[in-house]
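So this block is target-v9.cif, mmCIF, C-alpha atoms:
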```
data_protein
#
loop_
_atom_site.label_atom_id
_atom_site.label_comp_id
_atom_site.auth_asym_id
_atom_site.auth_seq_id
_atom_site.Cartn_x
_atom_site.Cartn_y
_atom_site.Cartn_z
CA MET A 1 6.26 -20.69 -36.45
CA ALA A 2 9.23 -20.25 -34.13
CA THR A 3 9.38 -22.34 -30.98
CA ILE A 4 11.35 -21.88 -27.80
CA PRO A 5 13.67 -24.79 -26.91
CA SER A 6 12.56 -26.74 -23.84
CA GLU A 7 15.80 -25.84 -22.02
CA ALA A 8 15.00 -22.12 -22.36
CA ARG A 9 11.44 -22.67 -21.13
CA ALA A 10 12.79 -24.58 -18.12
CA ASP A 11 15.18 -21.71 -17.34
CA ASP A 12 12.36 -19.16 -17.68
CA SER A 13 10.22 -21.22 -15.32
CA ARG A 14 12.99 -21.62 -12.75
CA ILE A 15 13.95 -17.94 -12.84
CA LEU A 16 10.40 -16.64 -12.52
CA THR A 17 9.48 -19.20 -9.85
CA THR A 18 12.51 -18.14 -7.77
CA ALA A 19 11.70 -14.44 -8.25
CA ILE A 20 8.07 -14.96 -7.21
CA GLY A 21 9.22 -16.74 -4.04
CA LYS A 22 11.49 -13.83 -3.16
CA ILE A 23 8.74 -11.29 -3.86
CA ALA A 24 6.40 -13.21 -1.57
CA GLU A 25 9.07 -13.20 1.12
CA TYR A 26 9.80 -9.46 0.76
CA TRP A 27 6.13 -8.53 0.83
CA GLY A 28 5.15 -11.06 3.50
CA LEU A 29 2.67 -12.91 1.27
CA SER A 30 1.34 -16.17 2.65
CA ASN A 31 1.04 -19.23 0.44
CA THR A 32 -2.72 -18.69 0.38
CA LYS A 33 -2.39 -15.04 -0.69
CA LEU A 34 0.23 -15.81 -3.34
CA GLY A 35 -1.95 -18.68 -4.54
CA SER A 36 -4.87 -16.30 -4.96
CA ILE A 37 -2.71 -13.95 -7.02
CA LEU A 38 -1.34 -16.71 -9.26
CA GLY A 39 -4.52 -18.79 -9.40
CA LEU A 40 -2.93 -21.77 -7.66
CA SER A 41 -3.60 -23.70 -4.48
CA ALA A 42 -1.65 -23.01 -1.30
CA ALA A 43 -0.17 -26.52 -1.56
CA THR A 44 1.12 -25.82 -5.07
CA ILE A 45 2.62 -22.54 -3.86
CA SER A 46 4.35 -24.43 -1.06
CA ARG A 47 5.92 -26.76 -3.65
CA LEU A 48 6.92 -23.75 -5.79
CA ARG A 49 8.57 -22.00 -2.87
CA SER A 50 10.45 -25.14 -1.83
CA GLY A 51 11.75 -25.65 -5.38
CA LYS A 52 9.95 -28.96 -5.92
CA THR A 53 8.06 -27.63 -8.93
CA GLY A 54 8.03 -24.60 -11.20
CA LEU A 55 5.50 -22.48 -13.04
CA ASP A 56 4.50 -23.85 -16.44
CA THR A 57 5.60 -21.28 -19.04
CA ALA A 58 2.40 -21.85 -21.03
CA SER A 59 0.06 -21.27 -18.08
CA LYS A 60 -1.99 -18.30 -16.93
CA SER A 61 -0.17 -18.58 -13.60
CA PHE A 62 3.15 -17.93 -15.35
CA GLU A 63 1.64 -14.85 -16.99
CA ALA A 64 0.30 -13.64 -13.62
CA GLY A 65 3.77 -14.22 -12.18
CA GLN A 66 5.26 -12.02 -14.88
CA PHE A 67 2.82 -9.24 -13.95
CA LEU A 68 3.64 -9.68 -10.26
CA LEU A 69 7.33 -9.32 -11.10
CA ARG A 70 6.52 -6.21 -13.16
CA LEU A 71 4.64 -4.75 -10.18
CA PHE A 72 7.51 -5.55 -7.85
CA ARG A 73 10.06 -3.91 -10.13
CA GLY A 74 7.84 -0.85 -10.58
CA LEU A 75 7.33 -0.36 -6.85
CA ASP A 76 10.99 -1.04 -6.21
CA ALA A 77 11.94 1.76 -8.61
CA LEU A 78 9.35 4.17 -7.21
CA LEU A 79 10.09 3.51 -3.56
CA GLY A 80 13.86 3.18 -3.68
CA SER A 81 14.04 -0.55 -2.84
CA ASP A 82 12.19 -0.02 0.45
CA ASP A 83 10.31 -3.28 1.02
CA GLU A 84 8.52 -1.93 4.09
CA ALA A 85 7.23 1.04 2.08
CA ALA A 86 6.06 -1.35 -0.66
CA ARG A 87 4.21 -3.51 1.90
CA SER A 88 2.65 -0.38 3.36
CA TRP A 89 1.59 0.92 -0.08
CA LEU A 90 0.08 -2.43 -1.02
CA GLY A 91 -1.91 -2.59 2.21
CA ALA A 92 -3.19 1.00 2.24
CA ARG A 93 -6.44 2.04 0.61
CA ASN A 94 -5.67 3.79 -2.67
CA LEU A 95 -8.20 6.46 -3.61
CA ASP A 96 -7.30 6.33 -7.31
CA LEU A 97 -7.75 2.56 -7.47
CA GLY A 98 -10.72 2.52 -5.10
CA ALA A 99 -9.34 -0.30 -2.95
CA ARG A 100 -6.20 -1.67 -1.36
CA PRO A 101 -3.77 -2.81 -4.09
CA ILE A 102 -3.10 -6.05 -2.18
CA ASP A 103 -6.78 -6.93 -2.56
CA LEU A 104 -6.97 -5.91 -6.21
CA ILE A 105 -4.05 -8.07 -7.31
CA GLU A 106 -5.94 -11.23 -6.39
CA SER A 107 -7.67 -11.04 -9.77
CA PHE A 108 -5.81 -10.98 -13.06
CA LYS A 109 -7.62 -7.83 -14.15
CA GLY A 110 -6.81 -6.16 -10.83
CA LEU A 111 -3.16 -7.18 -11.11
CA MET A 112 -2.93 -5.61 -14.56
CA THR A 113 -4.70 -2.46 -13.33
CA VAL A 114 -2.30 -2.03 -10.42
CA CYS A 115 0.70 -2.66 -12.70
CA ASP A 116 -0.54 -0.04 -15.15
CA TYR A 117 -1.12 2.41 -12.29
CA VAL A 118 2.40 1.97 -10.94
CA ASP A 119 3.91 2.16 -14.42
CA ALA A 120 2.02 5.40 -15.10
CA HIS A 121 3.49 6.94 -11.95
CA ARG A 122 6.98 5.81 -12.89
CA ALA A 123 6.65 7.52 -16.27
CA ARG A 124 5.89 10.95 -14.82
CA VAL A 125 8.39 13.62 -15.64
#
```

Please go through the file and, once you have read it, give me the structure as C-alpha coordinates.
Amino acid sequence: MATIPSEARADDSRILTTAIGKIAEYWGLSNTKLGSILGLSAATISRLRSGKTGLDTASKSFEAGQFLLRLFRGLDALLGSDDEAARSWLGARNLDLGARPIDLIESFKGLMTVCDYVDAHRARV
(Lines of atoms letter the chains of each structure in order from A and count residues from 1; the text may use other names and numbers.)
(Lines give C-alpha, C1' and ligand atoms only; values in the text may rest on other atoms or scores of the structure.)
Protein backbone atom coordinates (compact mmCIF):
# COMPACT_ATOMS: atom_id res chain seq x y z
CA MET A 1 0.00 0.00 0.00
CA ALA A 2 1.41 3.38 -1.00
CA THR A 3 1.77 6.04 1.66
CA ILE A 4 2.15 9.77 1.39
CA PRO A 5 5.30 11.20 3.00
CA SER A 6 4.62 13.28 6.11
CA GLU A 7 6.14 16.38 4.44
CA ALA A 8 3.57 16.17 1.63
CA ARG A 9 0.72 15.74 4.13
CA ALA A 10 1.96 18.79 6.04
CA ASP A 11 2.03 20.82 2.81
CA ASP A 12 -1.49 19.65 1.90
CA SER A 13 -2.71 20.65 5.35
CA ARG A 14 -1.06 24.08 5.22
CA ILE A 15 -2.30 24.82 1.71
CA LEU A 16 -5.90 23.78 2.37
CA THR A 17 -5.98 25.52 5.77
CA THR A 18 -4.79 28.77 4.16
CA ALA A 19 -7.32 28.43 1.32
CA ILE A 20 -10.17 27.81 3.76
CA GLY A 21 -9.21 30.93 5.72
CA LYS A 22 -9.29 33.01 2.53
CA ILE A 23 -12.64 31.54 1.49
CA ALA A 24 -14.08 32.41 4.89
CA GLU A 25 -12.77 35.95 4.50
CA TYR A 26 -14.15 36.36 0.96
CA TRP A 27 -17.56 35.01 1.91
CA GLY A 28 -17.70 36.72 5.31
CA LEU A 29 -17.98 33.47 7.27
CA SER A 30 -17.63 33.78 11.03
CA ASN A 31 -15.54 31.30 13.00
CA THR A 32 -18.77 29.75 14.27
CA LYS A 33 -20.21 29.35 10.76
CA LEU A 34 -16.97 27.95 9.33
CA GLY A 35 -16.75 25.63 12.34
CA SER A 36 -20.23 24.32 11.58
CA ILE A 37 -19.24 23.63 7.98
CA LEU A 38 -16.00 21.86 8.91
CA GLY A 39 -17.30 20.17 12.06
CA LEU A 40 -14.91 22.05 14.34
CA SER A 41 -15.29 24.42 17.27
CA ALA A 42 -15.07 28.18 16.80
CA ALA A 43 -11.89 28.15 18.94
CA THR A 44 -10.26 25.60 16.64
CA ILE A 45 -11.24 27.69 13.62
CA SER A 46 -9.66 30.71 15.28
CA ARG A 47 -6.39 28.75 15.65
CA LEU A 48 -6.65 27.59 12.02
CA ARG A 49 -7.16 31.11 10.73
CA SER A 50 -4.26 32.46 12.80
CA GLY A 51 -1.94 29.74 11.48
CA LYS A 52 -1.37 28.12 14.88
CA THR A 53 -2.72 24.78 13.69
CA GLY A 54 -3.76 23.07 10.47
CA LEU A 55 -6.37 20.60 9.31
CA ASP A 56 -5.42 16.96 9.82
CA THR A 57 -5.22 15.37 6.35
CA ALA A 58 -6.84 12.18 7.68
CA SER A 59 -9.84 13.95 9.22
CA LYS A 60 -13.41 14.47 8.08
CA SER A 61 -12.80 18.21 8.54
CA PHE A 62 -10.05 18.07 5.89
CA GLU A 63 -12.46 16.33 3.53
CA ALA A 64 -15.14 18.95 4.23
CA GLY A 65 -12.52 21.63 3.55
CA GLN A 66 -11.79 20.07 0.18
CA PHE A 67 -15.49 20.21 -0.69
CA LEU A 68 -15.67 23.84 0.48
CA LEU A 69 -12.74 24.65 -1.80
CA ARG A 70 -14.49 22.81 -4.66
CA LEU A 71 -17.63 24.89 -4.04
CA PHE A 72 -15.62 28.10 -3.96
CA ARG A 73 -13.86 27.28 -7.22
CA GLY A 74 -17.15 26.32 -8.88
CA LEU A 75 -18.90 29.53 -7.84
CA ASP A 76 -15.84 31.55 -8.78
CA ALA A 77 -15.95 30.09 -12.30
CA LEU A 78 -19.71 30.56 -12.64
CA LEU A 79 -19.82 34.09 -11.28
CA GLY A 80 -16.65 35.50 -12.79
CA SER A 81 -14.70 35.90 -9.52
CA ASP A 82 -17.39 38.17 -8.05
CA ASP A 83 -17.23 37.52 -4.30
CA GLU A 84 -20.26 39.71 -3.61
CA ALA A 85 -22.33 37.71 -6.11
CA ALA A 86 -21.14 34.48 -4.47
CA ARG A 87 -22.14 35.77 -1.00
CA SER A 88 -25.50 36.80 -2.40
CA TRP A 89 -26.06 33.40 -4.08
CA LEU A 90 -25.12 31.54 -0.92
CA GLY A 91 -27.52 33.62 1.17
CA ALA A 92 -30.51 33.53 -1.20
CA ARG A 93 -33.16 30.83 -1.07
CA ASN A 94 -32.58 28.40 -3.92
CA LEU A 95 -35.75 26.81 -5.26
CA ASP A 96 -33.91 23.83 -6.75
CA LEU A 97 -32.14 23.06 -3.47
CA GLY A 98 -35.13 23.96 -1.30
CA ALA A 99 -33.11 26.14 1.07
CA ARG A 100 -30.37 28.72 1.26
CA PRO A 101 -27.04 27.14 0.20
CA ILE A 102 -25.28 28.75 3.17
CA ASP A 103 -27.58 26.78 5.49
CA LEU A 104 -27.23 23.53 3.57
CA ILE A 105 -23.44 23.50 3.65
CA GLU A 106 -23.44 23.17 7.43
CA SER A 107 -23.93 19.43 7.00
CA PHE A 108 -21.56 17.23 5.04
CA LYS A 109 -24.39 15.87 2.92
CA GLY A 110 -25.64 19.40 2.22
CA LEU A 111 -22.14 20.54 1.29
CA MET A 112 -21.82 17.70 -1.22
CA THR A 113 -25.30 18.45 -2.61
CA VAL A 114 -24.50 22.12 -3.15
CA CYS A 115 -21.14 21.23 -4.74
CA ASP A 116 -22.85 18.81 -7.11
CA TYR A 117 -25.48 21.44 -7.96
CA VAL A 118 -22.86 24.07 -8.80
CA ASP A 119 -20.78 21.57 -10.76
CA ALA A 120 -23.85 20.55 -12.78
CA HIS A 121 -24.46 24.18 -13.74
CA ARG A 122 -20.83 24.65 -14.72
CA ALA A 123 -21.05 21.66 -17.05
CA ARG A 124 -23.96 23.05 -19.07
CA VAL A 125 -23.23 23.67 -22.71

When the PyMOL selection byres ((chain A and resi 44) around 12) is applied to the structure above, which residues does it catch, written out as a count of residues only? 24

Can you list, as a PDB file with C-alpha atoms, keeping the file's coordinate frame, the residues that the PyMOL selection byres ((chain A and resi 104) around 12) selects here?
```
ATOM      1  CA  LYS A  33      -2.390 -15.040  -0.690  1.00  0.00           C
ATOM      2  CA  SER A  36      -4.870 -16.300  -4.960  1.00  0.00           C
ATOM      3  CA  ILE A  37      -2.710 -13.950  -7.020  1.00  0.00           C
ATOM      4  CA  LEU A  68       3.640  -9.680 -10.260  1.00  0.00           C
ATOM      5  CA  LEU A  90       0.080  -2.430  -1.020  1.00  0.00           C
ATOM      6  CA  GLY A  91      -1.910  -2.590   2.210  1.00  0.00           C
ATOM      7  CA  ALA A  92      -3.190   1.000   2.240  1.00  0.00           C
ATOM      8  CA  ARG A  93      -6.440   2.040   0.610  1.00  0.00           C
ATOM      9  CA  ASN A  94      -5.670   3.790  -2.670  1.00  0.00           C
ATOM     10  CA  LEU A  97      -7.750   2.560  -7.470  1.00  0.00           C
ATOM     11  CA  GLY A  98     -10.720   2.520  -5.100  1.00  0.00           C
ATOM     12  CA  ALA A  99      -9.340  -0.300  -2.950  1.00  0.00           C
ATOM     13  CA  ARG A 100      -6.200  -1.670  -1.360  1.00  0.00           C
ATOM     14  CA  PRO A 101      -3.770  -2.810  -4.090  1.00  0.00           C
ATOM     15  CA  ILE A 102      -3.100  -6.050  -2.180  1.00  0.00           C
ATOM     16  CA  ASP A 103      -6.780  -6.930  -2.560  1.00  0.00           C
ATOM     17  CA  ILE A 105      -4.050  -8.070  -7.310  1.00  0.00           C
ATOM     18  CA  GLU A 106      -5.940 -11.230  -6.390  1.00  0.00           C
ATOM     19  CA  SER A 107      -7.670 -11.040  -9.770  1.00  0.00           C
ATOM     20  CA  PHE A 108      -5.810 -10.980 -13.060  1.00  0.00           C
ATOM     21  CA  LYS A 109      -7.620  -7.830 -14.150  1.00  0.00           C
ATOM     22  CA  GLY A 110      -6.810  -6.160 -10.830  1.00  0.00           C
ATOM     23  CA  LEU A 111      -3.160  -7.180 -11.110  1.00  0.00           C
ATOM     24  CA  MET A 112      -2.930  -5.610 -14.560  1.00  0.00           C
ATOM     25  CA  THR A 113      -4.700  -2.460 -13.330  1.00  0.00           C
ATOM     26  CA  VAL A 114      -2.300  -2.030 -10.420  1.00  0.00           C
ATOM     27  CA  CYS A 115       0.700  -2.660 -12.700  1.00  0.00           C
ATOM     28  CA  TYR A 117      -1.120   2.410 -12.290  1.00  0.00           C
TER      29      TYR A 117
END
```

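Applied to the shown file, the PyMOL selection byres ((chain A and resi 72-74) around 9) selects the residues Ile23, Phe67, Leu68, Leu69, Arg70, Leu71, Leu75, Asp76, Ala77, Leu78, Leu79, Ser81, Ala86, Cys115, Val118, Asp119 and Arg122 of chain A.
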
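Across the model, the gap from CA of Tyr26 in chain A to CA of Glu84 in chain A is 8.3 Å.
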
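If only C-alpha atoms are the atoms counted, then among A:Gly80, A:Gly65, A:Ser88, A:Asp96 the closest residue to Gly21 in chain A is A:Gly65.
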
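A straight line drawn from CA of Arg14 in chain A to CA of Ser59 in chain A is 14.0 Å long.
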
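Relative to CA of Ala64 in chain A, CA of Glu25 in chain A is found at 17.2 Å.
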
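Minimum atom-to-atom distances from A:Leu95, A:Gln66, A:Ala120, A:Asp83 to Ile15 in chain A were compared using all atoms listed in the file, and the lowest value belongs to A:Gln66.
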
Given only C-alpha atoms as the counted atoms, nearest of A:Glu63, A:Thr57, A:Leu29, A:Arg87 to Ser13 in chain A: A:Thr57
